[in-house]
$ cat start_34.cif   # mmCIF, C-alpha atoms and all ligand atoms
data_protein
#
loop_
_atom_site.group_PDB
_atom_site.id
_atom_site.type_symbol
_atom_site.label_atom_id
_atom_site.label_comp_id
_atom_site.auth_asym_id
_atom_site.auth_seq_id
_atom_site.Cartn_x
_atom_site.Cartn_y
_atom_site.Cartn_z
ATOM 1 C CA MET A 21 -2.560 61.030 -27.729
ATOM 2 C CA ASN A 22 -3.308 59.778 -31.182
ATOM 3 C CA GLN A 23 -2.612 61.907 -34.217
ATOM 4 C CA ASP A 24 -6.344 62.447 -34.965
ATOM 5 C CA GLN A 25 -6.637 64.547 -31.841
ATOM 6 C CA PHE A 26 -4.673 67.322 -33.459
ATOM 7 C CA ILE A 27 -7.110 67.755 -36.348
ATOM 8 C CA PRO A 28 -8.905 71.027 -35.561
ATOM 9 C CA ILE A 29 -12.678 70.625 -35.691
ATOM 10 C CA LEU A 30 -13.281 74.116 -34.343
ATOM 11 C CA GLU A 31 -10.982 77.068 -34.979
ATOM 12 C CA VAL A 32 -11.793 80.355 -33.269
ATOM 13 C CA ASP A 33 -9.448 83.103 -34.427
ATOM 14 C CA GLN A 34 -9.272 86.623 -32.959
ATOM 15 C CA LEU A 35 -13.026 86.611 -32.309
ATOM 16 C CA GLN A 36 -14.599 89.907 -31.275
ATOM 17 C CA VAL A 37 -18.208 90.373 -30.170
ATOM 18 C CA SER A 38 -19.666 93.737 -29.171
ATOM 19 C CA TYR A 39 -23.070 94.873 -27.974
ATOM 20 C CA GLY A 40 -23.183 98.506 -29.020
ATOM 21 C CA PRO A 41 -20.060 100.122 -27.624
ATOM 22 C CA PHE A 42 -19.467 97.287 -25.118
ATOM 23 C CA GLN A 43 -16.879 94.679 -26.134
ATOM 24 C CA ALA A 44 -17.954 91.363 -24.603
ATOM 25 C CA VAL A 45 -15.408 89.194 -26.463
ATOM 26 C CA LYS A 46 -11.996 90.699 -27.167
ATOM 27 C CA GLN A 47 -9.984 88.792 -29.760
ATOM 28 C CA ILE A 48 -10.446 85.302 -28.394
ATOM 29 C CA SER A 49 -8.566 82.475 -30.126
ATOM 30 C CA PHE A 50 -8.575 78.747 -29.437
ATOM 31 C CA ALA A 51 -8.979 75.450 -31.265
ATOM 32 C CA VAL A 52 -10.836 72.263 -30.374
ATOM 33 C CA HIS A 53 -9.378 69.074 -31.808
ATOM 34 C CA ALA A 54 -11.067 65.899 -33.012
ATOM 35 C CA GLY A 55 -11.809 63.566 -30.122
ATOM 36 C CA GLU A 56 -11.528 66.254 -27.462
ATOM 37 C CA ILE A 57 -13.889 67.512 -24.759
ATOM 38 C CA PHE A 58 -13.076 71.180 -24.312
ATOM 39 C CA GLY A 59 -14.468 73.370 -21.533
ATOM 40 C CA LEU A 60 -15.014 77.125 -21.531
ATOM 41 C CA LEU A 61 -14.890 78.394 -17.963
ATOM 42 C CA GLY A 62 -15.256 81.915 -16.676
ATOM 43 C CA PRO A 63 -17.071 84.028 -14.104
ATOM 44 C CA ASN A 64 -20.556 85.403 -14.828
ATOM 45 C CA GLY A 65 -20.419 87.839 -17.732
ATOM 46 C CA ALA A 66 -16.983 86.675 -18.906
ATOM 47 C CA GLY A 67 -18.168 86.180 -22.486
ATOM 48 C CA LYS A 68 -18.747 82.412 -22.726
ATOM 49 C CA THR A 69 -22.287 82.480 -24.118
ATOM 50 C CA SER A 70 -21.377 85.310 -26.510
ATOM 51 C CA THR A 71 -18.479 83.188 -27.799
ATOM 52 C CA LEU A 72 -20.766 80.187 -28.186
ATOM 53 C CA SER A 73 -23.398 82.263 -29.997
ATOM 54 C CA ALA A 74 -20.789 83.486 -32.484
ATOM 55 C CA ILE A 75 -19.610 79.900 -33.050
ATOM 56 C CA GLU A 76 -23.198 78.857 -33.709
ATOM 57 C CA GLY A 77 -23.519 81.699 -36.200
ATOM 58 C CA LEU A 78 -26.357 83.249 -34.172
ATOM 59 C CA LEU A 79 -24.638 86.593 -33.913
ATOM 60 C CA ALA A 80 -22.330 88.380 -36.310
ATOM 61 C CA PRO A 81 -18.925 89.044 -34.749
ATOM 62 C CA GLN A 82 -17.296 92.448 -35.155
ATOM 63 C CA GLY A 83 -14.004 90.763 -35.987
ATOM 64 C CA GLY A 84 -12.170 87.465 -36.364
ATOM 65 C CA SER A 85 -13.392 84.171 -37.740
ATOM 66 C CA VAL A 86 -14.841 80.829 -36.684
ATOM 67 C CA ARG A 87 -14.404 77.643 -38.689
ATOM 68 C CA VAL A 88 -16.189 74.357 -37.993
ATOM 69 C CA ALA A 89 -14.761 71.307 -39.774
ATOM 70 C CA GLY A 90 -12.956 73.786 -42.016
ATOM 71 C CA PHE A 91 -16.085 75.769 -42.944
ATOM 72 C CA ASP A 92 -16.444 79.449 -42.065
ATOM 73 C CA VAL A 93 -19.607 79.791 -39.941
ATOM 74 C CA ARG A 94 -20.588 83.056 -41.637
ATOM 75 C CA LYS A 95 -19.533 82.487 -45.240
ATOM 76 C CA GLN A 96 -20.281 78.742 -45.455
ATOM 77 C CA SER A 97 -22.951 78.571 -42.802
ATOM 78 C CA LEU A 98 -24.894 75.615 -44.214
ATOM 79 C CA HIS A 99 -21.801 73.395 -44.312
ATOM 80 C CA ALA A 100 -20.669 74.597 -40.895
ATOM 81 C CA ARG A 101 -24.088 73.960 -39.366
ATOM 82 C CA ALA A 102 -24.288 70.486 -40.882
ATOM 83 C CA ASN A 103 -21.180 69.625 -38.870
ATOM 84 C CA MET A 104 -22.339 71.089 -35.579
ATOM 85 C CA GLY A 105 -24.990 70.146 -33.033
ATOM 86 C CA VAL A 106 -26.209 72.617 -30.445
ATOM 87 C CA GLN A 107 -27.825 72.143 -27.067
ATOM 88 C CA LEU A 108 -28.562 75.512 -25.537
ATOM 89 C CA GLN A 109 -29.273 76.456 -21.933
ATOM 90 C CA ALA A 110 -32.757 77.494 -22.968
ATOM 91 C CA THR A 111 -33.419 74.653 -25.386
ATOM 92 C CA SER A 112 -37.090 73.935 -25.224
ATOM 93 C CA PHE A 113 -39.375 72.136 -27.580
ATOM 94 C CA GLN A 114 -43.120 72.261 -28.083
ATOM 95 C CA PRO A 115 -44.396 70.902 -24.742
ATOM 96 C CA GLU A 116 -47.461 69.367 -26.413
ATOM 97 C CA LEU A 117 -45.435 67.167 -28.793
ATOM 98 C CA THR A 118 -44.471 63.652 -27.748
ATOM 99 C CA ILE A 119 -40.774 62.910 -27.615
ATOM 100 C CA THR A 120 -41.164 60.557 -30.588
ATOM 101 C CA GLU A 121 -42.731 63.400 -32.587
ATOM 102 C CA ILE A 122 -39.918 65.747 -31.610
ATOM 103 C CA ILE A 123 -37.228 63.266 -32.662
ATOM 104 C CA ARG A 124 -39.013 62.657 -35.983
ATOM 105 C CA LEU A 125 -39.458 66.394 -36.541
ATOM 106 C CA PHE A 126 -35.771 67.173 -36.102
ATOM 107 C CA ALA A 127 -34.643 64.112 -38.060
ATOM 108 C CA GLY A 128 -36.882 65.444 -40.872
ATOM 109 C CA ILE A 129 -35.280 68.895 -40.677
ATOM 110 C CA TYR A 130 -31.868 67.281 -41.202
ATOM 111 C CA GLY A 131 -33.236 64.983 -43.946
ATOM 112 C CA ILE A 132 -32.595 61.833 -41.931
ATOM 113 C CA ALA A 133 -35.018 58.933 -42.355
ATOM 114 C CA LEU A 134 -35.467 57.131 -39.048
ATOM 115 C CA SER A 135 -37.286 53.786 -38.831
ATOM 116 C CA ASP A 136 -39.566 53.117 -35.844
ATOM 117 C CA GLU A 137 -36.828 50.833 -34.494
ATOM 118 C CA ALA A 138 -34.205 53.583 -34.845
ATOM 119 C CA VAL A 139 -36.392 56.048 -32.920
ATOM 120 C CA GLN A 140 -36.978 53.445 -30.216
ATOM 121 C CA GLU A 141 -33.245 52.748 -30.045
ATOM 122 C CA LYS A 142 -32.529 56.424 -29.532
ATOM 123 C CA LEU A 143 -35.102 56.612 -26.749
ATOM 124 C CA GLU A 144 -33.687 53.523 -25.090
ATOM 125 C CA SER A 145 -30.182 54.955 -25.295
ATOM 126 C CA ILE A 146 -31.370 57.781 -23.027
ATOM 127 C CA HIS A 147 -33.412 55.458 -20.809
ATOM 128 C CA LEU A 148 -36.719 56.787 -22.113
ATOM 129 C CA GLY A 149 -37.719 53.647 -24.012
ATOM 130 C CA ASP A 150 -40.976 53.444 -22.043
ATOM 131 C CA ALA A 151 -41.808 57.119 -22.548
ATOM 132 C CA ALA A 152 -42.118 57.221 -26.363
ATOM 133 C CA GLY A 153 -45.696 58.567 -26.184
ATOM 134 C CA LYS A 154 -45.029 61.028 -23.384
ATOM 135 C CA LYS A 155 -45.324 64.752 -24.057
ATOM 136 C CA TYR A 156 -42.115 66.771 -23.777
ATOM 137 C CA GLY A 157 -43.783 69.079 -21.257
ATOM 138 C CA GLN A 158 -44.445 66.114 -18.963
ATOM 139 C CA LEU A 159 -40.769 65.192 -18.644
ATOM 140 C CA SER A 160 -38.538 66.131 -15.719
ATOM 141 C CA GLY A 161 -35.725 68.628 -16.293
ATOM 142 C CA GLY A 162 -33.155 65.830 -16.501
ATOM 143 C CA GLN A 163 -35.265 63.875 -18.977
ATOM 144 C CA GLN A 164 -35.745 66.981 -21.136
ATOM 145 C CA GLN A 165 -31.991 67.518 -21.077
ATOM 146 C CA ARG A 166 -31.444 63.968 -22.358
ATOM 147 C CA VAL A 167 -33.937 64.481 -25.195
ATOM 148 C CA SER A 168 -32.285 67.745 -26.196
ATOM 149 C CA LEU A 169 -28.883 66.051 -26.390
ATOM 150 C CA VAL A 170 -30.331 63.368 -28.672
ATOM 151 C CA ILE A 171 -31.692 66.149 -30.890
ATOM 152 C CA ALA A 172 -28.352 68.007 -30.859
ATOM 153 C CA THR A 173 -26.583 64.867 -32.073
ATOM 154 C CA ILE A 174 -29.269 63.482 -34.400
ATOM 155 C CA HIS A 175 -27.256 64.313 -37.538
ATOM 156 C CA ASP A 176 -24.008 62.882 -36.134
ATOM 157 C CA PRO A 177 -22.189 66.218 -36.049
ATOM 158 C CA GLN A 178 -18.420 66.439 -35.643
ATOM 159 C CA LEU A 179 -18.799 69.152 -33.013
ATOM 160 C CA VAL A 180 -21.387 69.344 -30.224
ATOM 161 C CA LEU A 181 -21.867 72.617 -28.321
ATOM 162 C CA LEU A 182 -23.333 72.416 -24.824
ATOM 163 C CA ASP A 183 -24.100 75.554 -22.837
ATOM 164 C CA GLU A 184 -24.067 74.676 -19.117
ATOM 165 C CA PRO A 185 -25.505 71.223 -19.848
ATOM 166 C CA THR A 186 -25.519 69.880 -16.301
ATOM 167 C CA THR A 187 -26.883 72.887 -14.415
ATOM 168 C CA GLY A 188 -29.752 71.691 -12.242
ATOM 169 C CA LEU A 189 -29.197 67.981 -12.867
ATOM 170 C CA ASP A 190 -28.967 65.446 -10.055
ATOM 171 C CA PRO A 191 -25.668 63.528 -9.651
ATOM 172 C CA GLN A 192 -27.007 60.482 -11.492
ATOM 173 C CA SER A 193 -28.167 62.498 -14.514
ATOM 174 C CA ARG A 194 -24.930 64.450 -14.491
ATOM 175 C CA ARG A 195 -22.830 61.280 -14.540
ATOM 176 C CA GLN A 196 -24.969 59.943 -17.368
ATOM 177 C CA LEU A 197 -24.453 63.111 -19.380
ATOM 178 C CA TRP A 198 -20.702 62.920 -18.805
ATOM 179 C CA GLU A 199 -20.784 59.363 -20.143
ATOM 180 C CA ARG A 200 -22.690 60.547 -23.215
ATOM 181 C CA MET A 201 -20.058 63.230 -23.824
ATOM 182 C CA GLU A 202 -17.347 60.593 -23.517
ATOM 183 C CA ALA A 203 -19.220 58.407 -25.999
ATOM 184 C CA ILE A 204 -19.246 61.346 -28.442
ATOM 185 C CA ARG A 205 -15.481 61.681 -27.930
ATOM 186 C CA GLU A 206 -14.989 57.938 -28.459
ATOM 187 C CA LYS A 207 -16.445 58.331 -31.943
ATOM 188 C CA GLY A 208 -13.726 60.895 -32.717
ATOM 189 C CA CYS A 209 -16.132 63.842 -32.474
ATOM 190 C CA SER A 210 -15.609 66.864 -30.225
ATOM 191 C CA VAL A 211 -17.568 68.554 -27.469
ATOM 192 C CA LEU A 212 -17.327 72.202 -26.470
ATOM 193 C CA LEU A 213 -19.127 72.950 -23.225
ATOM 194 C CA THR A 214 -19.464 75.870 -20.875
ATOM 195 C CA THR A 215 -19.626 75.133 -17.192
ATOM 196 C CA HIS A 216 -19.309 76.724 -13.788
ATOM 197 C CA SER A 217 -18.508 73.356 -12.243
ATOM 198 C CA MET A 218 -14.797 72.858 -11.625
ATOM 199 C CA GLU A 219 -15.558 69.250 -10.707
ATOM 200 C CA GLU A 220 -17.125 68.760 -14.112
ATOM 201 C CA ALA A 221 -14.192 70.407 -15.868
ATOM 202 C CA GLU A 222 -11.745 68.137 -14.046
ATOM 203 C CA ALA A 223 -13.863 65.033 -14.585
ATOM 204 C CA VAL A 224 -14.551 65.262 -18.314
ATOM 205 C CA CYS A 225 -12.581 68.020 -20.036
ATOM 206 C CA ASP A 226 -9.355 67.165 -21.815
ATOM 207 C CA ARG A 227 -8.536 70.872 -21.949
ATOM 208 C CA ILE A 228 -10.149 74.049 -20.724
ATOM 209 C CA ALA A 229 -9.911 77.732 -21.518
ATOM 210 C CA ILE A 230 -10.501 80.194 -18.687
ATOM 211 C CA ILE A 231 -12.114 83.367 -20.001
ATOM 212 C CA ASP A 232 -12.308 86.614 -18.075
ATOM 213 C CA HIS A 233 -13.478 90.045 -19.212
ATOM 214 C CA GLY A 234 -13.759 88.766 -22.781
ATOM 215 C CA ARG A 235 -10.214 87.376 -23.021
ATOM 216 C CA VAL A 236 -8.671 83.907 -22.697
ATOM 217 C CA ILE A 237 -6.396 84.067 -19.667
ATOM 218 C CA ALA A 238 -5.354 80.410 -19.484
ATOM 219 C CA ILE A 239 -5.692 77.354 -21.680
ATOM 220 C CA ASP A 240 -4.473 73.814 -20.945
ATOM 221 C CA ALA A 241 -5.427 70.470 -19.418
ATOM 222 C CA PRO A 242 -6.959 70.908 -15.931
ATOM 223 C CA ALA A 243 -4.121 68.996 -14.249
ATOM 224 C CA ALA A 244 -1.528 71.030 -16.151
ATOM 225 C CA LEU A 245 -3.130 74.297 -15.028
ATOM 226 C CA ILE A 246 -3.045 73.142 -11.412
ATOM 227 C CA ALA A 247 0.609 72.129 -11.772
ATOM 228 C CA GLN A 248 1.525 75.481 -13.393
ATOM 229 C CA HIS A 249 -0.250 77.680 -10.853
ATOM 230 C CA GLN A 250 -0.157 75.759 -7.577
ATOM 231 C CA HIS A 251 2.634 77.947 -6.193
ATOM 232 C CA ASP A 252 1.138 81.299 -7.294
ATOM 233 C CA PRO A 253 0.595 83.450 -4.174
ATOM 234 C CA GLU A 254 -2.951 84.335 -5.376
ATOM 235 C CA VAL A 255 -3.753 80.612 -5.619
ATOM 236 C CA ILE A 256 -2.202 79.647 -2.297
ATOM 237 C CA SER A 257 -4.112 82.456 -0.566
ATOM 238 C CA VAL A 258 -7.484 80.979 -1.606
ATOM 239 C CA THR A 259 -6.609 77.301 -1.134
ATOM 240 C CA ARG A 260 -8.742 75.407 1.347
ATOM 241 C CA LYS A 261 -7.923 72.163 3.120
ATOM 242 C CA GLY A 262 -4.272 72.246 2.019
ATOM 243 C CA LYS A 263 -4.664 70.831 -1.486
ATOM 244 C CA VAL A 264 -4.727 73.077 -4.569
ATOM 245 C CA THR A 265 -7.786 72.423 -6.710
ATOM 246 C CA LEU A 266 -8.846 73.702 -10.120
ATOM 247 C CA GLU A 267 -11.272 76.015 -8.328
ATOM 248 C CA ASP A 268 -8.379 77.556 -6.383
ATOM 249 C CA VAL A 269 -6.501 78.153 -9.641
ATOM 250 C CA PHE A 270 -9.654 79.598 -11.226
ATOM 251 C CA ILE A 271 -10.236 82.010 -8.342
ATOM 252 C CA GLY A 272 -6.532 82.811 -8.140
ATOM 253 C CA LEU A 273 -6.529 83.784 -11.821
ATOM 254 C CA THR A 274 -9.899 85.564 -11.990
ATOM 255 C CA GLY A 275 -10.018 87.130 -8.510
ATOM 256 C CA ARG A 276 -12.443 86.832 -5.615
ATOM 257 C CA ALA A 277 -14.746 89.696 -6.554
ATOM 258 C CA VAL A 278 -18.324 88.653 -7.365
ATOM 259 C CA ARG A 279 -19.295 89.722 -10.889
ATOM 260 C CA SER A 280 -22.458 91.616 -11.498
HETATM 261 N N1 LIG A 301 -27.697 91.038 -25.857
HETATM 262 C C1 LIG A 301 -26.842 91.703 -25.082
HETATM 263 N N2 LIG A 301 -26.839 93.044 -25.042
HETATM 264 C C2 LIG A 301 -25.958 93.725 -24.286
HETATM 265 N N3 LIG A 301 -25.023 93.132 -23.508
HETATM 266 C C3 LIG A 301 -24.977 91.794 -23.505
HETATM 267 C C4 LIG A 301 -25.866 91.011 -24.292
HETATM 268 N N4 LIG A 301 -25.591 89.716 -24.084
HETATM 269 C C5 LIG A 301 -24.556 89.683 -23.211
HETATM 270 N N5 LIG A 301 -24.191 90.942 -22.854
HETATM 271 C C6 LIG A 301 -23.095 91.320 -21.947
HETATM 272 O O1 LIG A 301 -21.900 90.751 -22.460
HETATM 273 C C7 LIG A 301 -21.093 90.240 -21.399
HETATM 274 C C8 LIG A 301 -20.829 88.772 -21.640
HETATM 275 O O2 LIG A 301 -22.054 88.060 -21.481
HETATM 276 P P1 LIG A 301 -22.135 86.479 -21.706
HETATM 277 O O3 LIG A 301 -23.563 86.094 -21.579
HETATM 278 O O4 LIG A 301 -21.422 86.120 -22.946
HETATM 279 O O5 LIG A 301 -21.296 85.966 -20.448
HETATM 280 P P2 LIG A 301 -21.186 84.505 -19.827
HETATM 281 O O6 LIG A 301 -19.728 84.261 -19.606
HETATM 282 O O7 LIG A 301 -21.896 83.525 -20.666
HETATM 283 O O8 LIG A 301 -21.902 84.696 -18.428
HETATM 284 P P3 LIG A 301 -22.767 83.663 -17.498
HETATM 285 O O9 LIG A 301 -21.752 82.767 -16.859
HETATM 286 O O10 LIG A 301 -23.368 84.593 -16.499
HETATM 287 O O11 LIG A 301 -23.718 82.954 -18.377
HETATM 288 C C9 LIG A 301 -21.849 90.536 -20.107
HETATM 289 O O12 LIG A 301 -21.340 91.740 -19.561
HETATM 290 C C10 LIG A 301 -23.288 90.726 -20.561
HETATM 291 O O13 LIG A 301 -23.972 91.609 -19.712
#

$ encode --input "start_34.cif" --output "structure tokens"
Amino acid sequence: MNQDQFIPILEVDQLQVSYGPFQAVKQISFAVHAGEIFGLLGPNGAGKTSTLSAIEGLLAPQGGSVRVAGFDVRKQSLHARANMGVQLQATSFQPELTITEIIRLFAGIYGIALSDEAVQEKLESIHLGDAAGKKYGQLSGGQQQRVSLVIATIHDPQLVLLDEPTTGLDPQSRRQLWERMEAIREKGCSVLLTTHSMEEAEAVCDRIAIIDHGRVIAIDAPAALIAQHQHDPEVISVTRKGKVTLEDVFIGLTGRAVRS
């Protein structure tokens, strides 16, 4: 590991999020370092999206702090936002706009001047070079996902937040997205993603945090978590086909009960 990887790009400290009397996030702390892909995993309702929303500054936490590139997301929100790119589950753009118009629109919002060649380059980088004049609403789900990642990274942020980015994608699109995340990491930037896919967590995440009932219950590299928990009776009891997987560890730690 090179020394840069220990520079914290995201610092979440004792974060608390409540909806009325219900505490969805209970004093969560973790850090994401430069050049790291970090996964937030947890059963339905564990508090992943609430954590992400607080990081984005979309909701005011009841306690704790979030810093992006050293800037407090509440007190220095403009600086924090300038260093963060967000692709949400529900990201959707005006379906009537062409993808070129959408890229130009968001570049304009960030004050970035893009030449025609630069726009074309961006489209080619997501294999949509021939679709410059196509309306967003005419794209497939996978194509829309690729456009929204270009938009999330248009200002070259140090941190990219992806909420379940590969849900519903075919294996080819998923692999391509993984490669794009790795390219972001190569540049020394960081990715924080939520996922329900253990395969995805093992394939691309350098470290993961498992969240349950609003608390972090484990945090480490996927292989390290497997090594630490492979002999736990709860893990062995759910292991299939004789080999302990990250999913076995996840279920061993969070239980078999389906969450409402
Ligand atoms: N706006 C809201 N008002 C009230 N409760 C909410 C609100 N948003 C989320 N919750 C509750 O907070 C808890 C955490 O929800 P959150 O969406 O953060 O979980 P999650 O881990 O992202 O789940 P999923 O994997 O299903 O997306 C859940 O019990 C949810 O019902």

$ residues_around --input "start_34.cif" --residues "stretch 26-34 of chain A" --least-positions-apart "5" --cutoff "8 Å" --atoms "only C-alpha atoms" --output "PDB file with C-alpha atoms, in the frame of the given file"
ATOM      1  CA  LYS A  46     -11.996  90.699 -27.167  1.00  0.00           C
ATOM      2  CA  GLN A  47      -9.984  88.792 -29.760  1.00  0.00           C
ATOM      3  CA  ILE A  48     -10.446  85.302 -28.394  1.00  0.00           C
ATOM      4  CA  SER A  49      -8.566  82.475 -30.126  1.00  0.00           C
ATOM      5  CA  PHE A  50      -8.575  78.747 -29.437  1.00  0.00           C
ATOM      6  CA  ALA A  51      -8.979  75.450 -31.265  1.00  0.00           C
ATOM      7  CA  VAL A  52     -10.836  72.263 -30.374  1.00  0.00           C
ATOM      8  CA  HIS A  53      -9.378  69.074 -31.808  1.00  0.00           C
ATOM      9  CA  ALA A  54     -11.067  65.899 -33.012  1.00  0.00           C
ATOM     10  CA  ILE A  75     -19.610  79.900 -33.050  1.00  0.00           C
ATOM     11  CA  GLY A  83     -14.004  90.763 -35.987  1.00  0.00           C
ATOM     12  CA  GLY A  84     -12.170  87.465 -36.364  1.00  0.00           C
ATOM     13  CA  SER A  85     -13.392  84.171 -37.740  1.00  0.00           C
ATOM     14  CA  VAL A  86     -14.841  80.829 -36.684  1.00  0.00           C
ATOM     15  CA  ARG A  87     -14.404  77.643 -38.689  1.00  0.00           C
ATOM     16  CA  VAL A  88     -16.189  74.357 -37.993  1.00  0.00           C
ATOM     17  CA  ALA A  89     -14.761  71.307 -39.774  1.00  0.00           C
ATOM     18  CA  GLY A  90     -12.956  73.786 -42.016  1.00  0.00           C
ATOM     19  CA  GLN A 178     -18.420  66.439 -35.643  1.00  0.00           C
ATOM     20  CA  LEU A 179     -18.799  69.152 -33.013  1.00  0.00           C
ATOM     21  CA  SER A 210     -15.609  66.864 -30.225  1.00  0.00           C
TER      22      SER A 210
END

$ residues_near_ligand --input "start_34.cif" --ligand "ligand LIG 301 (chain A)" --cutoff "10 Å" --atoms "all atoms listed in the file" --output "ChimeraX atom specification"
/A:37-45,60-74,79,109,183-184,214-216,231-234,279-280

$ residues_near_point --input "start_34.cif" --point "(-20.5, 69.9, -31.8)" --cutoff "7 Å" --atoms "all atoms listed in the file" --output "PyMOL selection string"
chain A and resi 104-106+177-181+210-212

$ atom_distance --input "start_34.cif" --atom1 "atom CA of A:Val255" --atom2 "atom CA of A:Asp268"
5.6 Å

$ residues_around --input "start_34.cif" --residues "A:His251" --least-positions-apart "6" --cutoff "10 Å" --atoms "only C-alpha atoms" --output "ChimeraX atom specification"
/A:257,264,269

$ residues_around --input "start_34.cif" --residues "stretch 237-248 of chain A" --least-positions-apart "2" --cutoff "6 Å" --atoms "only C-alpha atoms" --output "PyMOL selection string"
chain A and resi 222+226-231+250+266

$ resolve_selection --input "start_34.cif" --expression "the PyMOL selection byres (((chain A and resi 190-195) around 10) and not hetatm)" --output "compact mmCIF listing (two decimals) with C-alpha atoms, keeping the file's coordinate frame"
# COMPACT_ATOMS: atom_id res chain seq x y z
CA GLY A 161 -35.72 68.63 -16.29
CA GLY A 162 -33.16 65.83 -16.50
CA GLN A 163 -35.26 63.88 -18.98
CA GLN A 165 -31.99 67.52 -21.08
CA ARG A 166 -31.44 63.97 -22.36
CA PRO A 185 -25.50 71.22 -19.85
CA THR A 186 -25.52 69.88 -16.30
CA THR A 187 -26.88 72.89 -14.42
CA GLY A 188 -29.75 71.69 -12.24
CA LEU A 189 -29.20 67.98 -12.87
CA GLN A 196 -24.97 59.94 -17.37
CA LEU A 197 -24.45 63.11 -19.38
CA TRP A 198 -20.70 62.92 -18.80
CA GLU A 199 -20.78 59.36 -20.14
CA ARG A 200 -22.69 60.55 -23.22
CA MET A 201 -20.06 63.23 -23.82
CA GLU A 220 -17.12 68.76 -14.11
CA ALA A 223 -13.86 65.03 -14.58
CA VAL A 224 -14.55 65.26 -18.31

$ atom_distance --input "start_34.cif" --atom1 "atom CA of A:Arg235" --atom2 "atom CA of A:Gly55"
24.9 Å

$ decode --input "start_34.cif" --residues "stretch 215-248 of chain A" --atoms "C-alpha atoms" --output "PDB file, in the first residue's frame"
ATOM      1  CA  THR A 215     -24.221  -2.768  -2.622  1.00  0.00           C
ATOM      2  CA  HIS A 216     -26.131  -5.923  -1.830  1.00  0.00           C
ATOM      3  CA  SER A 217     -23.806  -7.935  -4.047  1.00  0.00           C
ATOM      4  CA  MET A 218     -21.166  -9.831  -2.089  1.00  0.00           C
ATOM      5  CA  GLU A 219     -19.539 -10.742  -5.399  1.00  0.00           C
ATOM      6  CA  GLU A 220     -19.210  -7.062  -6.201  1.00  0.00           C
ATOM      7  CA  ALA A 221     -17.799  -6.283  -2.765  1.00  0.00           C
ATOM      8  CA  GLU A 222     -15.191  -9.026  -3.145  1.00  0.00           C
ATOM      9  CA  ALA A 223     -14.364  -8.064  -6.723  1.00  0.00           C
ATOM     10  CA  VAL A 224     -13.827  -4.320  -6.364  1.00  0.00           C
ATOM     11  CA  CYS A 225     -13.822  -3.146  -2.748  1.00  0.00           C
ATOM     12  CA  ASP A 226     -10.526  -2.664  -0.957  1.00  0.00           C
ATOM     13  CA  ARG A 227     -12.424  -2.498   2.329  1.00  0.00           C
ATOM     14  CA  ILE A 228     -16.022  -2.813   3.399  1.00  0.00           C
ATOM     15  CA  ALA A 229     -18.090  -1.832   6.400  1.00  0.00           C
ATOM     16  CA  ILE A 230     -21.018  -4.063   7.338  1.00  0.00           C
ATOM     17  CA  ILE A 231     -23.828  -2.005   8.841  1.00  0.00           C
ATOM     18  CA  ASP A 232     -26.736  -3.456  10.771  1.00  0.00           C
ATOM     19  CA  HIS A 233     -29.477  -1.693  12.723  1.00  0.00           C
ATOM     20  CA  GLY A 234     -27.702   1.630  12.213  1.00  0.00           C
ATOM     21  CA  ARG A 235     -24.308   0.517  13.554  1.00  0.00           C
ATOM     22  CA  VAL A 236     -21.040  -0.618  11.957  1.00  0.00           C
ATOM     23  CA  ILE A 237     -20.555  -4.218  13.045  1.00  0.00           C
ATOM     24  CA  ALA A 238     -17.453  -5.065  11.006  1.00  0.00           C
ATOM     25  CA  ILE A 239     -14.948  -3.162   8.914  1.00  0.00           C
ATOM     26  CA  ASP A 240     -11.976  -4.576   6.983  1.00  0.00           C
ATOM     27  CA  ALA A 241     -10.844  -5.967   3.635  1.00  0.00           C
ATOM     28  CA  PRO A 242     -13.249  -8.664   2.354  1.00  0.00           C
ATOM     29  CA  ALA A 243     -10.576 -11.378   2.517  1.00  0.00           C
ATOM     30  CA  ALA A 244      -9.608 -10.312   6.039  1.00  0.00           C
ATOM     31  CA  LEU A 245     -13.229 -10.528   7.200  1.00  0.00           C
ATOM     32  CA  ILE A 246     -13.514 -14.040   5.784  1.00  0.00           C
ATOM     33  CA  ALA A 247     -10.263 -15.046   7.495  1.00  0.00           C
ATOM     34  CA  GLN A 248     -11.398 -13.552  10.839  1.00  0.00           C
TER      35      GLN A 248
END
